[in-house]
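Chemist: Pasting a structure here, questions to come.
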Amino acid sequence: MKQSAILLTLVIALAGCTHFQHFAVDKEGGKELVWVGSDQELKKLSDPEELKRRQDEAQKDFKPPESIESASLICNLVRAAISGKDIQTASLLENSPAELERPYGGWVFVSVYGEKAKLFRSAAKGKNAAEAALKAIRKLAAEMRGKLPAKVESLPVKVDFTETLLAVETPGAARQAFIPGVDGLWLLPESRGEYRLPAEMMAFSPATITDLALYFSILPRSDAIRRFRTRAFLQAEEGLKPIALTRSLPPVPEVSAAALKERIGAACEYLARGQREDGSYDYLYAAHRDKSIKSKEESMVRHVASAAVMVLGAEALERREFADSAARCFDFVLGKVRSEKGLAYLLKKGEGTLGGSGLLAWGLSHYRRVTGNKEYDQTARAAADFVLMMQKPEGTFFNYYDPVSKKPIDRPARFYQGEACLGLYWYYKVYGDKKYLDAAIRAAAALSRMRNKQLRKGALSLDAWLMQAARFLYPHASEKDKKEMLTAVEKMAQIMVEAQRKTKKTAGYEDMIGSFRSATQELPSGPGTAAMCEGLAAACQLIDSLGRPADKIKAALLKAARFQLRHQFEDENTYYLPNPGRAKGAIRATLTDSTVRIDHVQHTVGVWLQLLKILE
């Protein structure tokens, strides 16, 4: 096999504070990363002793620099070199940490991120990290000459030290070495002849990961792949200390009221910044492409819920502009509302929805409460009356409505019932008509009895919307109904707490601590965790108000909040995006998917607002 014809392949698979990567690189092309396989070599891979020997050999002298001082020195020299200064070996070793001078068998990568995520990178090896870094910096400076302005202070610079080199694998083995969506993956075309590190992986969705898994299945058997791990540091701009990265993301702060207020404000600013001319929010945004994505099923319910959270954000942060933004969104949604005989509902595939009216009553009631504006009073009442009309004699609701026959449809919908209860309560709370409170209590009690029955049978039936409604309805209910509500809330909270990944051992990855195990979701997501925690936060507040211990729930909420914070774009983790300013404040889908949907922001801000009250 001719080496220059080898397809360069790279996989990034991250664990803890390190980053795994696969590669097979063209040796004759002058690249520093080299592994070429052959049929004869691949036969050796079936020998366990040979594998261990290769692994031990690969690990020789792979103790990377790990101090901020070393990373800072290299990042500063990168800036000097690409500004045109002559970098000598002495300048790198002068006053440098000893760890840069000890024997080192790995590669040093240096990367610079230009405008619109233009990437420049080089890598080199040497007798020690200092020599390897110097070679890499010189190559990088030569490559960048004339491609960037002389002023480089504000460009993000990253340095990666190879930490671990693993034994070679066949494509088939490599295909089994990752879980799509958990281990980040990236494939490079043959013509580019490059290698990639974790930052670029962060900008792509699991669809790309699935494509790579398929590609592994058709790679020639003669192509061997090696994985390696790096220790990474980022210097966002000149003068700042580099920060150690986990999955290419910076560490998050401890959860505090001050930190949450800042993050809530950034998230609401993101929604307002992306508001369209018609008042709707930018429904689906691909941050890695800086592109809004059209969705055939753009949910009006999600627009309503997002507007409601904007109102609550305006109240918590005393920022009226968020409420004004919510009003423009409500105006947009009201143009889609179907009204008839004093009833108001939203359509989904031609049918009226219980949850849509419940959230409409919830959001518009909060708008009236926070702003005092009476503009939406009539619609709020019509939405609440639609919910009343959908109530069954035993207390629960029909979930859908046929606007042609004018009859309710009895078909399951997981969260509509809880949303309806919450909407009725807040309509009562703001407007004072007790019949809405009575209907909400009757529904919440009936729904709690149903959930308790399911839970006794071992069915995992979690309902965060019901938990939120029960928190407010509990003080108004009879003793019998209180017992049903509290039992349901406590049991669901217990299940959530027990399902949380609380340690690195149970999470598998350090940055997944705080997420929840799920039978339906392979990769834990910040927004999914937030949706559960809205109920968990309500449970914490209800249980605490009764003088009962809620310490375990509060501890779970704080761990979950840190996990959610990792999903928000901020100044320090947008360095690889084409438009950092547009993405700032948004909540990404997962740690490996930079797609943002408005309900990602809505659920996350919703739980942060509740946690803010708990902390204050």
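In the structure tokens, the first chain shown is A, the next is B, and so on; residue numbers restart at 1 for each chain, and ligands run from 1 in the order shown.
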Write out as a list of chain:residue names the residues lying within 9 Å of stretch 271-282 of chain A, counting only C-alpha atoms and excluding same-chain residues fewer than 6 positions away.
Modeler: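 Near neighbours after the sequence-gap exclusion: A:Ser292, A:Ile293, A:His303, A:Ser306, A:Ala307, A:Met310, A:Glu321, A:Phe322, A:Ser325, A:Ala326, A:Ala327, A:Arg328, A:Cys329, A:Phe330, A:Asp331, A:Phe332, A:Val333, A:Arg582, A:Gly585, A:Ala586, A:Arg597, A:Ile598, A:Val601.
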Chemist: Apply DSSP to the backbone of this structure and, from stretch 237-332 of chain A, keep only the residues in helix (DSSP H, G or I); write these as an MDAnalysis selection string.
Modeler: chainID A and resid 257:273 300:317 320:332
Chemist: Have a look at A:Arg368, A:Lys291, A:Lys261, A:Arg302 and name the one nearest to A:Trp426; count only C-alpha atoms.
Modeler: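 Ranked by minimum distance to A:Trp426, first place goes to A:Arg368.
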Chemist: So, counting only C-alpha atoms, which residue among A:Arg263, A:Pro393, A:Gly423, A:Glu315 is closest to A:Leu364?
Modeler: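 Nearest candidate to A:Leu364 out of A:Arg263, A:Pro393, A:Gly423, A:Glu315: A:Gly423.
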Chemist: Excluding A:Ala539 and its own-chain neighbours fewer than 6 positions away, which residues fall within 8 Å of it when counting only C-alpha atoms? Please give them as number ranges by chain.
Modeler: A: 467-468, 471, 489-490, 493
Chemist: At a cut-off of 7 Å, using only C-alpha atoms, what residues contact stretch 235-242 of chain A? Leave out same-chain residues fewer than 2 positions from it and give the result as a PyMOL selection string.
Modeler: chain A and resi 68+71-72+75+153-158+233+244+572
Chemist: Kindly export the residues of the current selection with C-alpha atoms, as a tab-separated table (two decimals), in the first residue's frame.
Modeler:
chain	number	residue	atom	x	y	z
A	68	ILE	CA	-1.18	26.61	33.52
A	71	ALA	CA	0.35	26.43	28.65
A	72	SER	CA	0.57	30.20	29.16
A	75	CYS	CA	0.25	30.42	24.03
A	153	GLU	CA	-4.19	39.70	20.93
A	154	SER	CA	-7.88	38.81	20.75
A	155	LEU	CA	-7.53	35.52	18.85
A	156	PRO	CA	-8.17	32.39	20.91
A	157	VAL	CA	-5.08	30.16	21.14
A	158	LYS	CA	-5.15	26.54	22.26
A	233	PHE	CA	-5.68	24.48	27.53
A	244	ALA	CA	-7.98	23.69	31.33
A	572	GLU	CA	-15.13	31.21	26.94
Chemist: Could you name the residues that touch A:Ile264 at 9 Å or less, counting only C-alpha atoms, but leaving out those on the same chain fewer than 5 positions away, as a list of chain:residue names?
Modeler: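 That gives A:Ala259, A:Glu269, A:Gly313, A:Leu317, A:Gly585, A:Thr604, A:Val605, A:Trp608, A:Leu609.
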Chemist: Can you work out the spacing between atom CA of A:Cys268 and atom CA of A:Val311 in Å, to one decimal?
Modeler: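 Those two atoms sit 9.6 Å apart.
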Chemist: What gap, in Å, lies between atom CA of A:Phe62 and atom CA of A:Thr162?
Modeler: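 Between these atoms lies a distance of 7.2 Å.
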Chemist: One number please: atom CA of A:Ser256 to atom CA of A:Glu616, in Å, one decimal.
Modeler: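 Interatomic distance here is 9.1 Å.
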Chemist: For the interface of stretch 248-366 of chain A with stretch 551-565 of chain A (cut-off 8 Å, counting only C-alpha atoms), please tabulate each contacting residue of stretch 248-366 of chain A alongside its nearest pair of atoms and their separation in Å to one decimal, rows sorted by chain and increasing number, as CSV.
Modeler:
residue,atom,partner,partner_atom,distance
A:Val252,CA,A:Leu565,CA,6.7
A:Pro253,CA,A:Arg562,CA,7.7
A:Glu254,CA,A:Arg562,CA,7.2
A:Val255,CA,A:Leu558,CA,6.5
Chemist: Counting only C-alpha atoms, which residue out of A:Ser405, A:Cys421, A:Ala123, A:Phe569 sits closest to A:Gly581?
Modeler: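 Looking only at the distances to A:Gly581, the closest residue turns out to be A:Phe569.
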